[in-house]
Amino acid sequence: MHEVFLSPEEINRRLETILPTVQKPGRYTGGEINQVVKDWQKDLTRVAFIFPDIYDIGMSNLGWAILYESLNQRSDTLAERAFVPWADMEAAMRTAQVSLYSLETKHPLAAFDIIGFSLPYETLFTNTLNALDLAGIPLFSSERSTEHPLIIAGGHAAFNPEPMHAFIDAFVIGEGEEVIHEIVEAYQAWRRSRSSRLALLQSLSQLAGVYVPALYAAHYHEDGTFSHLEKQFERAPLPVMKRIVPILPPPPTHFIVPYIETVHNRIPVEIMRGCTRGCRFCHAGMINRPVRERPVDEIVSAIEQALRNTGFEEIGLLSLSSSDYTHVLELVKTVSERFAGKHLGISLPSLRIETFSVELMDALKDSRHGGFTLAPEAASERMREIINKPVSTDQLLETARAIYSRGWTTIKLYFMIGHPSETLEDVQAIAELCKKVLAEGRKLIGRRARLNAGVSTFVPKPHTPFQWVSCDTTDQINAKQQILKQTLRDRDIKLTWSHPEDSLLEAWLSRGDRRMSEVIYQAWKRGAKFDAWQEHFSYQTWLAAFASVGLDPAFYTHRPRLINEAFPWDHISTGVRKKYLAQDYLESLSGQTRVDCREQCFACGILPTFAEMRTQNPGDFWKCPEVSPKSKRGQPTLQPLEIPIISSE
Amino acid sequence: MRIRIFFSKNAAMRFTGHLDLHKTWERIFRRAGLPLAYSQGFHPQPRLNLACALPLGFTSQAEILDAWLEYPMPLQDVQIELDRAAPPGISIARIEVVDQKEPALQTQVSSSEYIINFLTPVSELDQKLSEIISAESISRRWRERTYDLRPLIEELRRLPDTQAGNASVLALLAAREGATGRPEELVQALGFDPNLTRVHRSRLLFRE
């Protein structure tokens with residue numbers, strides 16, 4: 001049973017001849033400053049974090065970096081990294097029989113105790129299978145024994161874990177900062193107990209925020225729709241509530257500094273988590289509630305330390321909606337004064353469409369060369385009300401004037417097509433709005449004014465008010481894109497769009513049930529990998545995979561859904577009630593908007609779920625109202641309205 | 001203050017290319033907290049100047065970097081701070097102060113000496129070396145252009161075998177602007193696979 005793996009020395013020896021033959025060999029060497037190398041002779045719990053895309057992409061992700069730094073502070077644990085090789089390196093590794101290895105010590109992944117996959121988006125699913133295969137680890141959870149590493153996964157895509165349920169032993173739902181330590185400790189206790197793999201899975205299921213799919217069975221109706229999930233282990237939780245941290249822990253400051261160019265070669269600092277705006281299409285906005293802010297001094301001191309540790313020349317101040325960070329002006333002023341003259345680029349993405357955002361960016365200086373990005377998402381007032389992003393066109397144009405007049409020559413506008421009830425007129429409005437914005441620029445700075453319009457296609461994501469919505473068909477998407485391509489013929493307008501097939505794949509994978517596992521497996525067997533990469537993605541491969549399993553892809557994407565349909569992800573709770581989502585969806589259909597929930601609580605469900613946590617952590621860094629201790633609490637004042645059960649059509 | 005840093009680039013950084021090495025040095029100075037000077041203008045660039053690009057995959061004991069500091073500092077302090085901030089793969093041999101008026105580093109380099117170690121046994125190496133040396137011209141193609149490799153080879157001789165028993169060759173190749181001899185081209189001209197060699201830059205020679 002116990003396979004013999006290559007030693008690090010042997011892997012290094014084989015890499016000698018492989019690396020000169022591949023593109024960007026620096027992706028595969030490790031050895032960067034701030035990587036953590038611990039002694040394998042010691043009896044440590046060995047954890048490998050793998051971001052299942054290439055190094056260039058994965059190194060820019062903050063998720064694993066937080067956990068890597070945190071776990072490596074434990075004296076009883078080591079944490080290393082792996083990414084997946086690009087096609088040329090994969091071929092060379094398979095030929096030379098080099099299995100997937102960790103960058104720090106070149107140990108094969110199969111020699112680790114725990115492997116943690118980052119799954120921030122669904123198009124990494126086939127790469128996850130490929131990584132397991134390259135590591136020589138059985139793909140299916142049911143085929144792994146006590147000799148194999150425990151395979152865990154987390155990230156935004158894990159909020160609907162079902163499509164990957166067959167491959168992952170345990171999912172972390174929500175924030176990993178605390179629970180990763182509990183997982184390590186549960187693993188250590190299980191090792192000492194020398195009990196079965198099932199015992200390990202059962203003990204993991206008792207940790208808050210951990211979902212172990214093997215402990216449940218799925219049932220379906222005769223028409224193929226999902227019915228319910230049934231526990232196979234009495235103490236398994238149902239539903240599985242996501243995990244959050246009450247207070248954001250101090251940000252990581254020992255980032256690994258790549259020797260080669262990566263996508264975001266910078267220090268990422270999360271200034272706040274969550275968003276109060278309630279855009280109805282937004283997955284991140286729904287699953288990351290409640291909003292928790294970091295104090296300014298903690299952010300500034302983290303930047304100072306990280307600059308000393310890394311030497312990076314760029315900082316990214318990250319959040320879902322930077323303008324809504326309570327102390328954003330103070331933060332921007334402090335950062336620009338403290339680091340003046342240090343030739344530092346500071347980016348503040350996700351700004352609201354208002355002139356205040358321009359003032360913020362202006363204070364940061366040095367950030368003009370990237371263009372100024374705004375995301376109106378829709379162009380007609382009607383559409384903006386439906387998606388609950390009510391920004392008037394006048395306000396957008398005023399913001400555009402402020403941007404062009406303060407030295408930026410390029411404005412980037414992000415839109416989505418395919419919103420519910422969208423008509424061709426709503427799409428035409430996108431093109432008209434782009435022209436209007438550029439016209440403002442031309443009035444102010446003449447022919448130097450540029451406009452980039454990025455138009456993606458809406459995918460109705462689980463756990464959002466739009467989870468009941470069906471996707472546009474490829475014909476509909478093509479027709480809408482055609483309007484944009486025809487109307488936006490201007491040498492100063494650059495239009496980019498997403499391929500309709502890419503959006504459908506994203507929808508299948510994010511909305512899938514347990515049967516999707518077999519589709520993913522069949523697609524991988526037919527060569528699917530790097531589905532997020534145009535040069536690799538093959539729509540036909542996926543259609544063939546669906547056909548081989550006997551499933552209809554349209555079932556997942558184009559079918560109208562009843563408001564009381566059970567979803568395959570209903571057992572995963574974000575703390576936001578399904579009733580609340582349904583009510584918000586129905587309001588959307590009648591064009592009603594909801595204000596920022598800092599102004600009025602709409603009782604989404606977060607507060608009752610985390611009431612004890614909120615009571616113990618009073619203060620205005622949480623953007624939910626304070627909760628009085630249980631003993632003093634009367635009837636909840638915020639009752640969600642009862643909603644009628646109706647058809648979505 | 002203009003300083004000249006002599007350093008080696010070891011195995012850990014073999015696969016960091018010229019532009020990325022430049023970025024690595026900028027970050028070393030930033031970690032070291034030294035007052036690295038930046039150019040004026042809209043997109044200020046760090047004032048760093050590498051002598052001669054080292055091809056990807058090669059190691060070197062003869063790399064040279066010129067750097068400008070905003071104000072003078074004791075060299076010893078500079079070296080201590082840089083040593084502390086250097087990543088695995090870079091080690092600093094020595095630092096000198098250079099006259100501000102000296103011409104750019106790249107224009108002063110004339111040739112580069114390489115030691116080429118073969119990782120696998122090679123046949124008839126001596127004979128192939130003498131054929132190269134006695135050739136009048138060696139026509140080769142590089143990036144769609146035909147050129148003569150022979151005049152770029154200034155010295156070529158066999159070295160004693162390595163401890164592992166592999167053949168080793170010393171090559172002194174031109175490294176002037178517009179006239180650069182490439183070790184992998186030489187290896188191919190010898191009839192061997194460059195991927196089965198390890199190349200190390202042992203010296204950089206300056207113009208008289």
# chains A, B, ... in the order shown; residues from 1 in each chain; ligands from 1

$ interface_residues --of "chain A" --to "chain B" --cutoff "10 Å" --atoms "only C-alpha atoms" --output "PDB file with C-alpha atoms, in the first residue's frame"
ATOM      1  CA  GLU A  16      18.384  19.862 -12.970  1.00  0.00           C
ATOM      2  CA  THR A  17      17.720  18.565 -16.447  1.00  0.00           C
ATOM      3  CA  ILE A  18      14.037  19.519 -16.640  1.00  0.00           C
ATOM      4  CA  LEU A  19      14.164  23.159 -15.632  1.00  0.00           C
ATOM      5  CA  PRO A  20      16.357  24.469 -18.466  1.00  0.00           C
ATOM      6  CA  THR A  21      13.817  23.103 -20.958  1.00  0.00           C
ATOM      7  CA  LYS A  24       9.844  30.525 -16.674  1.00  0.00           C
ATOM      8  CA  PRO A  25      11.671  27.900 -14.620  1.00  0.00           C
ATOM      9  CA  GLY A  26      11.672  30.357 -11.704  1.00  0.00           C
ATOM     10  CA  ARG A  27       8.109  29.196 -11.053  1.00  0.00           C
ATOM     11  CA  TYR A  28       9.368  25.833  -9.891  1.00  0.00           C
ATOM     12  CA  THR A  29      12.413  26.488  -7.731  1.00  0.00           C
ATOM     13  CA  GLY A  30      11.222  28.090  -4.498  1.00  0.00           C
ATOM     14  CA  GLY A  31      14.007  29.481  -2.328  1.00  0.00           C
ATOM     15  CA  GLU A  32      12.636  33.026  -2.180  1.00  0.00           C
ATOM     16  CA  ILE A  33      13.169  35.350   0.730  1.00  0.00           C
ATOM     17  CA  ASN A  34      10.663  34.810   3.587  1.00  0.00           C
ATOM     18  CA  VAL A 257       9.083  37.849  -2.374  1.00  0.00           C
ATOM     19  CA  PRO A 258       9.036  36.182  -5.803  1.00  0.00           C
ATOM     20  CA  TYR A 259      12.200  36.126  -7.880  1.00  0.00           C
ATOM     21  CA  ILE A 260      10.096  36.435 -11.013  1.00  0.00           C
ATOM     22  CA  GLU A 261       7.260  38.659 -12.158  1.00  0.00           C
ATOM     23  CA  ALA A 306       5.861  44.377   5.516  1.00  0.00           C
ATOM     24  CA  LEU A 307       7.928  46.990   3.658  1.00  0.00           C
ATOM     25  CA  ARG A 308      10.893  46.232   5.887  1.00  0.00           C
ATOM     26  CA  ASN A 309      10.422  42.491   5.453  1.00  0.00           C
ATOM     27  CA  THR A 310       9.860  42.402   1.716  1.00  0.00           C
ATOM     28  CA  GLY A 311      11.101  45.541  -0.026  1.00  0.00           C
ATOM     29  CA  PHE A 312       8.009  45.561  -2.227  1.00  0.00           C
ATOM     30  CA  GLU A 313       7.357  48.872  -3.975  1.00  0.00           C
ATOM     31  CA  LYS A 342       9.481  56.312  -0.769  1.00  0.00           C
ATOM     32  CA  HIS A 343       8.552  55.671  -4.406  1.00  0.00           C
ATOM     33  CA  ASP A 366       1.471  58.147  -8.125  1.00  0.00           C
ATOM     34  CA  ARG A 368      -2.576  57.604 -12.227  1.00  0.00           C
ATOM     35  CA  HIS A 369      -0.834  55.379 -14.697  1.00  0.00           C
TER      36      HIS A 369
END

$ select_by_dssp --residues "region 433-487 of chain A" --states "helix (DSSP H, G or I)" --output "PyMOL selection string"
chain A and resi 433-448+474-487

$ write_last_selection --atoms "C-alpha atoms" --output "PDB file, in the first residue's frame"
ATOM      1  CA  LEU A 433     -23.259  55.420 -21.370  1.00  0.00           C
ATOM      2  CA  CYS A 434     -19.720  54.569 -22.467  1.00  0.00           C
ATOM      3  CA  LYS A 435     -19.985  57.142 -25.245  1.00  0.00           C
ATOM      4  CA  LYS A 436     -21.301  59.760 -22.842  1.00  0.00           C
ATOM      5  CA  VAL A 437     -18.439  59.164 -20.428  1.00  0.00           C
ATOM      6  CA  LEU A 438     -15.856  59.416 -23.198  1.00  0.00           C
ATOM      7  CA  ALA A 439     -17.559  62.586 -24.486  1.00  0.00           C
ATOM      8  CA  GLU A 440     -17.020  64.165 -21.055  1.00  0.00           C
ATOM      9  CA  GLY A 441     -13.369  63.215 -21.263  1.00  0.00           C
ATOM     10  CA  ARG A 442     -12.996  64.719 -24.737  1.00  0.00           C
ATOM     11  CA  LYS A 443     -14.519  67.991 -23.555  1.00  0.00           C
ATOM     12  CA  LEU A 444     -11.915  68.174 -20.809  1.00  0.00           C
ATOM     13  CA  ILE A 445      -8.724  66.708 -22.271  1.00  0.00           C
ATOM     14  CA  GLY A 446      -9.500  66.275 -25.956  1.00  0.00           C
ATOM     15  CA  ARG A 447      -8.247  63.292 -27.913  1.00  0.00           C
ATOM     16  CA  ARG A 448      -6.153  62.021 -25.019  1.00  0.00           C
ATOM     17  CA  THR A 474     -25.222  31.578 -25.603  1.00  0.00           C
ATOM     18  CA  ASP A 475     -27.492  32.945 -28.346  1.00  0.00           C
ATOM     19  CA  GLN A 476     -28.809  35.636 -26.023  1.00  0.00           C
ATOM     20  CA  ILE A 477     -25.316  36.533 -24.836  1.00  0.00           C
ATOM     21  CA  ASN A 478     -24.003  36.660 -28.393  1.00  0.00           C
ATOM     22  CA  ALA A 479     -26.843  38.962 -29.458  1.00  0.00           C
ATOM     23  CA  LYS A 480     -26.153  41.310 -26.565  1.00  0.00           C
ATOM     24  CA  GLN A 481     -22.422  41.343 -27.190  1.00  0.00           C
ATOM     25  CA  GLN A 482     -23.089  42.031 -30.859  1.00  0.00           C
ATOM     26  CA  ILE A 483     -24.956  45.221 -29.924  1.00  0.00           C
ATOM     27  CA  LEU A 484     -21.983  46.396 -27.892  1.00  0.00           C
ATOM     28  CA  LYS A 485     -19.466  45.531 -30.592  1.00  0.00           C
ATOM     29  CA  GLN A 486     -21.475  47.358 -33.223  1.00  0.00           C
ATOM     30  CA  THR A 487     -22.219  50.443 -31.161  1.00  0.00           C
TER      31      THR A 487
END

$ residues_around --residues "Val98 (chain A)" --least-positions-apart "4" --cutoff "10 Å" --atoms "only C-alpha atoms" --output "PyMOL selection string"
chain A and resi 5-6+10-12+14-15+18+90+92-94+108+134-136

$ atom_distance --atom1 "CA of Leu152 (chain B)" --atom2 "CA of Gly181 (chain B)"
5.2 Å

$ residues_around --residues "region 452-466 of chain A" --least-positions-apart "5" --cutoff "6 Å" --atoms "only C-alpha atoms" --output "MDAnalysis selection string"
chainID A and resid 280:281 283 412:419 493:498 507 581 584:585

$ closest_residue --among "B:Ser123, B:Ser91, B:Ser112, B:Gln106" --to "Ala51 (chain B)" --atoms "only C-alpha atoms"
B:Gln106

$ select_by_dssp --residues "region 245-282 of chain A" --states "strand (DSSP E or B)" --output "list in words"
Val257, Ile267, Pro268, Val269, Glu270, Met272 and Arg273 of chain A

$ write_last_selection --atoms "N, CA and C atoms" --output "PDB file, in the first residue's frame"
ATOM      1  N   VAL A 257       8.794  36.911  -1.282  1.00  0.00           N
ATOM      2  CA  VAL A 257       9.083  37.849  -2.374  1.00  0.00           C
ATOM      3  C   VAL A 257       9.517  37.055  -3.610  1.00  0.00           C
ATOM      4  N   ILE A 267       2.374  44.127  -1.666  1.00  0.00           N
ATOM      5  CA  ILE A 267       1.921  43.787  -0.318  1.00  0.00           C
ATOM      6  C   ILE A 267       0.411  43.988  -0.274  1.00  0.00           C
ATOM      7  N   PRO A 268      -0.350  42.904  -0.080  1.00  0.00           N
ATOM      8  CA  PRO A 268      -1.794  43.077   0.049  1.00  0.00           C
ATOM      9  C   PRO A 268      -2.163  43.273   1.520  1.00  0.00           C
ATOM     10  N   VAL A 269      -2.907  44.314   1.823  1.00  0.00           N
ATOM     11  CA  VAL A 269      -3.387  44.513   3.188  1.00  0.00           C
ATOM     12  C   VAL A 269      -4.900  44.659   3.155  1.00  0.00           C
ATOM     13  N   GLU A 270      -5.556  43.745   3.825  1.00  0.00           N
ATOM     14  CA  GLU A 270      -7.010  43.769   3.885  1.00  0.00           C
ATOM     15  C   GLU A 270      -7.423  44.832   4.892  1.00  0.00           C
ATOM     16  N   MET A 272     -10.694  45.860   5.375  1.00  0.00           N
ATOM     17  CA  MET A 272     -11.958  45.455   5.985  1.00  0.00           C
ATOM     18  C   MET A 272     -12.461  44.223   5.262  1.00  0.00           C
ATOM     19  N   ARG A 273     -13.316  43.466   5.945  1.00  0.00           N
ATOM     20  CA  ARG A 273     -13.884  42.271   5.324  1.00  0.00           C
ATOM     21  C   ARG A 273     -15.400  42.453   5.282  1.00  0.00           C
TER      22      ARG A 273
END

$ residues_around --residues "Thr593 (chain A)" --least-positions-apart "3" --cutoff "8 Å" --atoms "only C-alpha atoms" --output "PyMOL selection string"
chain A and resi 385-386+388+390+587-588

$ atom_distance --atom1 "CA of Val184 (chain A)" --atom2 "CA of Tyr101 (chain A)"
20.7 Å

$ residues_around --residues "region 45-52 of chain A" --least-positions-apart "2" --cutoff "6 Å" --atoms "only C-alpha atoms" --output "number ranges by chain"
A: 58, 77-84, 112-118, 127-128

$ write_last_selection --atoms "C-alpha atoms" --output "PDB file, in the first residue's frame"
ATOM      1  CA  GLY A  58      -1.134  31.770  -7.001  1.00  0.00           C
ATOM      2  CA  THR A  77       3.673  22.282  12.458  1.00  0.00           C
ATOM      3  CA  LEU A  78       5.384  23.101   9.204  1.00  0.00           C
ATOM      4  CA  ALA A  79       3.609  24.640   6.223  1.00  0.00           C
ATOM      5  CA  GLU A  80       4.939  24.672   2.665  1.00  0.00           C
ATOM      6  CA  ARG A  81       3.590  25.716  -0.753  1.00  0.00           C
ATOM      7  CA  ALA A  82       2.819  24.187  -4.091  1.00  0.00           C
ATOM      8  CA  PHE A  83       1.286  25.435  -7.308  1.00  0.00           C
ATOM      9  CA  VAL A  84       0.410  23.537 -10.442  1.00  0.00           C
ATOM     10  CA  PHE A 112       2.533  15.644   3.748  1.00  0.00           C
ATOM     11  CA  ASP A 113      -0.106  15.032   6.417  1.00  0.00           C
ATOM     12  CA  ILE A 114      -2.584  17.637   5.261  1.00  0.00           C
ATOM     13  CA  ILE A 115      -2.977  19.261   1.847  1.00  0.00           C
ATOM     14  CA  GLY A 116      -5.062  22.427   1.731  1.00  0.00           C
ATOM     15  CA  PHE A 117      -6.418  23.589  -1.613  1.00  0.00           C
ATOM     16  CA  SER A 118      -7.342  27.229  -2.204  1.00  0.00           C
ATOM     17  CA  ASN A 127      -6.667  21.737 -11.813  1.00  0.00           C
ATOM     18  CA  THR A 128      -7.358  20.386  -8.343  1.00  0.00           C
TER      19      THR A 128
END

$ residues_around --residues "Leu170 (chain B)" --least-positions-apart "4" --cutoff "7 Å" --atoms "only C-alpha atoms" --output "list in words"
Tyr114, Ile115, Ile116, Leu156, Arg157, Arg158 and Leu159 of chain B

$ closest_residue --among "B:Asn117, B:Gln163, B:Ser134, B:Thr146" --to "Glu184 (chain B)" --atoms "only C-alpha atoms"
B:Asn117

$ atom_distance --atom1 "CA of Arg266 (chain A)" --atom2 "CA of Glu314 (chain A)"
4.8 Å
